[in-house]
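Each remark here refers to the structure printed beneath this line.
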Amino acid sequence: MKIAREETMAPPGIQPVLQAEHVSKIFRDFWRRPRVRAVNDVSFDVKPGEVFGLLGPNGSGKSTTLKMIVGLLRPTSGRLQVLGAPPTDVRRKARIGYLPEDSYLYPYLTCEETLDFFGRLFDLRASERRARTEQLLEMIGLRHARRRLVGEFSRGMARRIGLAQALINDPDLVILDEPTAGLDPLGCRQVKDLILTLARRGKAVLLSSHLLADVEDVCDRIAILFNGQVQATGPIRDLLEERHRPRLTLPEVSADQLRAILAALKEQLGREPELDYPRRNLEQFFLDIVARAMRQATEQSGATPSEGVAPYLSVDDRRHPLASPPPPAGHE
Amino acid sequence: MRWRLRQFAAIARISLLEIIRQPVFLLVSAFAIVFISLLPVLINYTLGEAARIVRDNGLAVHFAFGLVLGSYAASTTLAGHTALGTAALVLSKPVGRSLFFLAKFTGAAMATLLFSLGAGLATLLSTRMATGFFALDWWAGAPLLAAPILAFTLGGALNFRDRGPFVSRAFLWMLVFLAGALVWAGYVDPEGHRCAFGAHLEWRIVPASLLISLALLILTGVASLLATRLETVPTLILCSVLLLLGLMSDYLFGGQADRSALAAVLYYLMPNWQHFWLADALAGDGTIPWNYVGRAAIYGVFYLGGILGLGLAAFRRTELRVG
């Protein structure tokens with residue numbers, strides 16, 4: 001299943017789920033002297049139903065920004081509002097799902113225990129935890145490995161568990177730091193479909209990635225960071241579109257028809273138009289080959305393919321993340 | 001509030017599982033228990049002193065290995081998981097830092113107490129095994145020596161059957177088999193006849209074991225405090241230094257306390273392990289009064305409270321850059 005990105009755009013005029021205003025972060029040394037300015041005067045916002053991408057090379061401040069948003073680091077200056085409260089508000093975190101850049105799981109817990117543990121942190125009922133764990137394990141293709149210790153997993157399998165734990169609470173704001181790192185193309189496609197499904201349900205997704213093609217596939221808006229500063233920001237379509245160079249896509253035509261069309265175009269333009277033929281996307285080609293091989297395979301030790309997104313994550317309630325009354329503040 | 005309690009229980013339980021599933025935990029605890037169990041075999045022909053020597057050495061092994069395990073458990077669950085990034089991941093959920101720190105300490109403390117339980121049971125049984133003159137009481141010794149073997153065998157079989165974690169299962173089954181061995185030995189006298197429960201066991205070892213367990217809890221608390229700012233290796237080194245200073249506290253600081261304010265402060269701040277090491281009080285037919293155990297427990301609770309308070313203050317302001 002491939003979900004179209006165009007469907008996920010947030011309606012205009014809706015209050016942001018996440019607001020960063022002139023946020024800076026300076027790391028200091030043992031003597032409290034400034035050592036590195038990791039984030040410098042960064043401002044952006046993310047609205048419900050929107051997929052926002054943070055791009056930038058290594059050390060550009062993406063992960064530091066995400067850690068400030070989930071309250072692990074404190075901004076040196078500026079203002080951060082997450083779901084209408086500062087990131088230090090512990091109760092707001094019940095509505096956030098966070099996947100860090102590495103999965104950071106307990107190596108001596110099994111898959112099942114890991115998801116159950118994170119479900120307990122969100123105070124999910126036992127029956128709900130079991131149901132969501134089942135659905136998530138199915139979604140990430142690790143149902144057969146439910147009793148294996150997470151420490152024995154490959155990076156890609158650990159990444160899948162990391163993604164599952166980020167979604168156990170069906171969050172309103174999903175923060176994904178390099179979600180497709182270490183995943184095979186099949187896993188990447190599933191993650192991208194998942195992101196688009198979440199956005200269609202009105203969830204806000206903040207995504208950080210080095211993989212530009214992935215970002216382009218799913219993001220509505222992006223901000224490009226370099227040296228801790230925003231270098232460019234805006235809707236991805238506006239940033240990438242070259243409006244002065246239109247491209248025509250024709251339906252299936254005969255050779256004679258094509259010659260006639262090209263001749264007419266040449267007459268209008270005064271020069272020969274460029275002609276090329278669309279190629280199959282390598283990702284789609286790979287997925288087709290793997291799907292065929294999987295139909296023939298009987299047993300696998302790694303992740304197995306799954307059909308789409310966990311049912312509880314696909315419920316099309318389209319509720320507004322800010323419509324539900326905020327829980328009482330519980331600053332830590 | 002109930003949610004917080006459930007979170008606390010979940011984090012403490014997971015911390016305990018994480019600790020007792022580490023191979024090093026099983027290796028150290030099994031080595032200590034097997035060593036205590038073998039003491040009667042190693043220390044024989046000592047003209048009636050065998051039981052005393054086995055008891056003293058059993059308590060010493062309990063203390064020494066418990067200190068290593070307690071500080072290792074606390075540092076690995078806090079400093080280790082902070083370095084690994086799991087602490088940051090958990091704190092990105094609706095979990096307060098105070099709750100997280102206290103739950104982590106509780107998990108480490110439970111692991112330490114489980115080890116204490118095993119070492120205490122082994123000491124009780126091995127002392128009984130060495131009670132006779134020039135002969136070992138195999139009615140207590142056989143189940144004691146069989147407990148680790150059975151536990152490892154059962155853990156391996158269960159791992160083969162359902163691929164469950166071998167390490168924690170072997171450890172927990174070892175405790176179950178040791179408890180079973182105690183019940184068996186409690187009802188059987190050295191001649192193999194049925195007797196009133198516990199008639200031939202040295203129950204006065206229990207308060208000595210409890211005092212050692214209290215000392216181990218304090219050291220686990222100290223290791224938790226250090227682990228908020230230091231990594232695993234520096235935490236272990238500092239805990240070792242603290243152990244040595246605490247053992248020599250009376251000699252190093254107690255004698256100078258009247259003359260030097262600094263020595264007095266250090267004397268009162270340093271955990272004095274001598275309060276918890278009362279093996280000598282069991283010499284002859286000596287016993288440790290329960291009111292002494294109670295007073296030591298009060299000292300331990302207040303000391304631990306102070307240490308954990310400092311740990312909370314330190315951890316609340318820690319920035320989790322890893323993760």
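Chain identifiers are assigned as A, B, and so on, following the order in which chains appear in the structure tokens; residues are numbered from 1 within each chain, and ligands are numbered from 1 in order of appearance.
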
Can you pull out every residue within 6 Å of Gly156 (chain A), counting only C-alpha atoms, but drop anything in the same chain fewer than 2 positions away, and send it as an mmCIF file with C-alpha atoms, in the first residue's frame?
```cif
data_model
loop_
_atom_site.group_PDB
_atom_site.id
_atom_site.type_symbol
_atom_site.label_atom_id
_atom_site.label_comp_id
_atom_site.auth_asym_id
_atom_site.auth_seq_id
_atom_site.Cartn_x
_atom_site.Cartn_y
_atom_site.Cartn_z
ATOM 1 C CA SER A 154 19.964 -6.447 14.306
ATOM 2 C CA ALA A 158 15.715 -2.869 17.041
ATOM 3 C CA ARG A 159 14.616 0.146 15.000
ATOM 4 C CA GLY A 182 18.971 0.802 9.403
ATOM 5 C CA LEU A 183 15.714 -0.376 7.812
#
```

- Message: When you look at Leu117 (chain B) with a cut-off of 10 Å (counting only C-alpha atoms), what residues show up, excluding the ones that are within fewer than 3 positions of it in the same chain? I need them as a PyMOL selection string.
- Response: chain B and resi 62+111-114+120-123+175+178-179+209-210+213

Just C-alpha atoms for this one: save the residues we selected as a compact mmCIF listing (two decimals), in the first residue's frame.
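again_36.txt written:
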```
# COMPACT_ATOMS: atom_id res chain seq x y z
CA HIS B 62 27.85 -12.40 51.74
CA ALA B 111 18.34 -7.41 43.13
CA THR B 112 20.74 -6.89 46.04
CA LEU B 113 18.22 -8.26 48.52
CA LEU B 114 17.59 -11.32 46.37
CA GLY B 120 21.86 -15.95 53.84
CA LEU B 121 20.18 -19.28 53.09
CA ALA B 122 23.49 -20.77 51.93
CA THR B 123 25.24 -19.58 55.11
CA LEU B 175 16.78 -19.25 45.37
CA LEU B 178 17.89 -23.11 48.41
CA ALA B 179 14.61 -22.33 50.20
CA SER B 209 22.55 -11.55 57.75
CA LEU B 210 19.87 -8.86 58.04
CA SER B 213 21.65 -6.72 53.97
```

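Coordinates place CA of Ser208 (chain A) at a distance of 16.7 Å from CA of Leu72 (chain A).
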
- Task: Output as a PyMOL selection string the set of chain B residues within 10 Å of chain A, with distances taken over only C-alpha atoms.
- Result: chain B and resi 2-4+6-11+13-15+17-22+81-98+162-165+168+316-323

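Take CA of Leu150 (chain B) and CA of Ala185 (chain B): the distance between them is 16.9 Å.
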